[in-house]
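Content type PDB, C-alpha atoms, pLDDT in the B column, from the file entry36.pdb:
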```pdb
MODEL        1
ATOM      1  CA  MET A 704       0.000   0.000   0.000  1.00 46.00           C
ATOM      2  CA  ASN A 705       1.325   3.423  -0.890  1.00 50.00           C
ATOM      3  CA  ASN A 706       1.926   5.827   1.923  1.00 56.00           C
ATOM      4  CA  GLU A 707      -0.131   9.027   1.666  1.00 53.00           C
ATOM      5  CA  LYS A 708       3.182  10.889   1.432  1.00 57.00           C
ATOM      6  CA  ASP A 709       3.744   9.144  -1.917  1.00 67.00           C
ATOM      7  CA  ILE A 710       0.628  10.756  -3.401  1.00 83.00           C
ATOM      8  CA  LYS A 711       1.310  14.383  -4.295  1.00 93.00           C
ATOM      9  CA  LEU A 712      -1.673  16.663  -3.968  1.00 96.00           C
ATOM     10  CA  THR A 713      -2.576  19.012  -6.776  1.00 96.00           C
ATOM     11  CA  GLY A 714      -3.760  22.587  -6.517  1.00 96.00           C
ATOM     12  CA  ALA A 715      -2.463  25.998  -5.572  1.00 96.00           C
ATOM     13  CA  PRO A 716       0.779  25.664  -3.567  1.00 96.00           C
ATOM     14  CA  LYS A 717      -0.605  27.224  -0.356  1.00 96.00           C
ATOM     15  CA  LEU A 718      -3.735  25.086  -0.559  1.00 96.00           C
ATOM     16  CA  VAL A 719      -1.639  21.952  -1.080  1.00 97.00           C
ATOM     17  CA  VAL A 720       0.316  22.656   2.122  1.00 97.00           C
ATOM     18  CA  TRP A 721      -2.925  23.151   4.054  1.00 97.00           C
ATOM     19  CA  ALA A 722      -4.583  20.109   2.470  1.00 97.00           C
ATOM     20  CA  GLU A 723      -1.627  17.865   3.346  1.00 97.00           C
ATOM     21  CA  THR A 724      -2.146  18.724   7.015  1.00 96.00           C
ATOM     22  CA  ILE A 725      -5.884  18.107   6.700  1.00 96.00           C
ATOM     23  CA  ARG A 726      -5.348  14.791   4.899  1.00 96.00           C
ATOM     24  CA  LYS A 727      -2.970  13.547   7.590  1.00 96.00           C
ATOM     25  CA  ASP A 728      -5.468  14.489  10.312  1.00 96.00           C
ATOM     26  CA  ARG A 729      -8.527  13.045   8.545  1.00 95.00           C
ATOM     27  CA  LEU A 730      -6.829   9.745   7.756  1.00 96.00           C
ATOM     28  CA  LYS A 731      -5.756   9.396  11.385  1.00 96.00           C
ATOM     29  CA  VAL A 732      -9.220  10.270  12.735  1.00 96.00           C
ATOM     30  CA  TRP A 733     -11.023   7.992  10.291  1.00 95.00           C
ATOM     31  CA  GLN A 734      -8.683   5.102  11.045  1.00 96.00           C
ATOM     32  CA  GLU A 735      -9.063   5.525  14.810  1.00 96.00           C
ATOM     33  CA  THR A 736     -12.844   5.970  14.853  1.00 94.00           C
ATOM     34  CA  SER A 737     -13.830   3.305  12.294  1.00 92.00           C
ATOM     35  CA  PRO A 738     -10.860   0.989  11.651  1.00 94.00           C
ATOM     36  CA  GLU A 739     -12.806  -1.728   9.805  1.00 94.00           C
ATOM     37  CA  ILE A 740     -14.627   0.680   7.517  1.00 92.00           C
ATOM     38  CA  PHE A 741     -11.480   2.718   6.967  1.00 93.00           C
ATOM     39  CA  LYS A 742      -9.574  -0.390   5.918  1.00 94.00           C
ATOM     40  CA  ALA A 743     -12.231  -1.108   3.278  1.00 91.00           C
ATOM     41  CA  VAL A 744     -12.010   2.368   1.711  1.00 90.00           C
ATOM     42  CA  GLU A 745      -8.429   3.310   2.567  1.00 92.00           C
ATOM     43  CA  ALA A 746      -6.916   2.825  -0.894  1.00 90.00           C
ATOM     44  CA  ILE A 747      -9.621   4.879  -2.588  1.00 89.00           C
ATOM     45  CA  VAL A 748      -9.505   7.716  -0.078  1.00 91.00           C
ATOM     46  CA  LYS A 749      -5.716   7.869  -0.076  1.00 92.00           C
ATOM     47  CA  SER A 750      -5.689   8.115  -3.867  1.00 90.00           C
ATOM     48  CA  GLU A 751      -7.603  11.433  -3.796  1.00 92.00           C
ATOM     49  CA  LYS A 752      -5.099  13.982  -5.124  1.00 94.00           C
ATOM     50  CA  ASN A 753      -7.112  17.181  -5.231  1.00 94.00           C
ATOM     51  CA  ALA A 754      -6.221  19.632  -2.445  1.00 96.00           C
ATOM     52  CA  ASP A 755      -9.628  21.310  -2.835  1.00 95.00           C
ATOM     53  CA  TRP A 756     -11.355  17.997  -2.050  1.00 92.00           C
ATOM     54  CA  TRP A 757      -9.442  17.533   1.205  1.00 95.00           C
ATOM     55  CA  ILE A 758     -10.155  21.123   2.246  1.00 95.00           C
ATOM     56  CA  ALA A 759     -13.861  20.795   1.419  1.00 93.00           C
ATOM     57  CA  HIS A 760     -14.063  17.580   3.483  1.00 92.00           C
ATOM     58  CA  LYS A 761     -11.851  18.674   6.387  1.00 94.00           C
ATOM     59  CA  ASP A 762     -14.644  18.319   8.947  1.00 93.00           C
ATOM     60  CA  LYS A 763     -16.439  15.356   7.416  1.00 91.00           C
ATOM     61  CA  GLY A 764     -16.733  11.972   9.021  1.00 92.00           C
ATOM     62  CA  LEU A 765     -16.028   8.674   7.339  1.00 91.00           C
ATOM     63  CA  GLU A 766     -19.766   8.089   6.894  1.00 90.00           C
ATOM     64  CA  VAL A 767     -19.905  11.089   4.512  1.00 89.00           C
ATOM     65  CA  VAL A 768     -16.984   9.717   2.509  1.00 88.00           C
ATOM     66  CA  CYS A 769     -18.669   6.306   2.316  1.00 89.00           C
ATOM     67  CA  LYS A 770     -21.852   7.937   0.991  1.00 89.00           C
ATOM     68  CA  LEU A 771     -19.745   9.641  -1.679  1.00 86.00           C
ATOM     69  CA  LEU A 772     -18.247   6.292  -2.597  1.00 84.00           C
ATOM     70  CA  GLN A 773     -21.682   4.682  -2.811  1.00 83.00           C
ATOM     71  CA  SER A 774     -22.928   7.416  -5.096  1.00 86.00           C
ATOM     72  CA  GLY A 775     -19.805   7.126  -7.258  1.00 79.00           C
ATOM     73  CA  SER A 776     -18.828  10.717  -6.616  1.00 74.00           C
ATOM     74  CA  LEU A 777     -15.680  10.623  -4.526  1.00 71.00           C
ATOM     75  CA  ARG A 778     -14.576  13.840  -6.151  1.00 53.00           C
ATOM     76  CA  LYS A 779     -14.323  17.404  -5.078  1.00 44.00           C
ATOM     77  CA  PRO A 780     -17.607  19.243  -4.736  1.00 41.00           C
ATOM     78  CA  ALA A 781     -18.714  21.549  -7.505  1.00 45.00           C
ATOM     79  CA  SER A 782     -16.619  24.650  -7.381  1.00 44.00           C
ATOM     80  CA  GLN A 783     -16.398  27.951  -9.095  1.00 42.00           C
ATOM     81  CA  PRO A 784     -15.507  27.907 -12.798  1.00 45.00           C
ATOM     82  CA  LYS A 785     -11.808  27.764 -13.500  1.00 50.00           C
ATOM     83  CA  ARG A 786     -10.046  30.885 -14.631  1.00 47.00           C
ATOM     84  CA  ASN A 787      -8.135  30.763 -17.854  1.00 50.00           C
ATOM     85  CA  VAL A 788      -4.726  31.283 -16.360  1.00 49.00           C
ATOM     86  CA  GLY A 789      -2.241  32.618 -18.858  1.00 52.00           C
ATOM     87  CA  GLN A 790      -4.834  34.140 -21.156  1.00 51.00           C
ATOM     88  CA  PRO A 791      -4.796  37.927 -21.306  1.00 53.00           C
ATOM     89  CA  HIS A 792      -7.860  39.658 -19.986  1.00 50.00           C
ATOM     90  CA  THR A 793      -9.538  41.502 -22.805  1.00 54.00           C
ATOM     91  CA  LYS A 794     -12.386  43.954 -22.845  1.00 54.00           C
ATOM     92  CA  PRO A 795     -15.097  43.702 -25.480  1.00 56.00           C
ATOM     93  CA  LEU A 796     -14.478  45.955 -28.464  1.00 59.00           C
ATOM     94  CA  LYS A 797     -16.671  49.021 -28.676  1.00 60.00           C
ATOM     95  CA  LYS A 798     -18.758  49.304 -31.780  1.00 59.00           C
ATOM     96  CA  GLU A 799     -18.769  52.750 -33.302  1.00 57.00           C
TER
ENDMDL
END
```
Can you dump the structure from the file as structure tokens?
Amino acid sequence: MNNEKDIKLTGAPKLVVWAETIRKDRLKVWQETSPEIFKAVEAIVKSEKNADWWIAHKDKGLEVVCKLLQSGSLRKPASQPKRNVGQPHTKPLKKE
């Protein structure tokens, strides 16, 4: 089994640092409170790479994660539309 340290989180650098702390805490809490259930979902949960997902679920119990697994949506919640980073911001042309 891969250690959670082996899985690099993706996202904005500051969010990744925060999410790594959250992930470590959540995995510990989930394992301590529901060891049998955690063992069944451990590989799936540990494979979640999105920092936003960990931040959004920082206060969630393992039962919430299991419901996400059952629904097939162990993904980050719907978020704001992505910005087009790198594209210049342009104003609409005025018609004369």
Surrounding residues of stretch 758-775 of chain A excluding itself and chain neighbours under 3 positions, 8 Å, all atoms listed in the file, as a count of residues only: 13
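Computed from the coordinates, the atom CA of A:Ile740 to atom CA of A:Gly714 distance equals 28.2 Å.
One finds atom CA of A:Ile747 at 22.5 Å from atom CA of A:Ala715.
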Nearest residue to A:Pro716 from the set A:Asp728, A:Lys742, A:Asn753, A:Glu735 (distances using all atoms listed in the file): A:Asn753
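Distances from A:Lys711, A:Val732, A:Val748, A:Val719 to A:Ser776 were compared using only C-alpha atoms, and the smallest one belongs to A:Val748.
Distances from A:Leu718, A:Ala743, A:Ile710, A:Thr736 to A:Trp757 were compared using only C-alpha atoms, and the smallest one belongs to A:Leu718.
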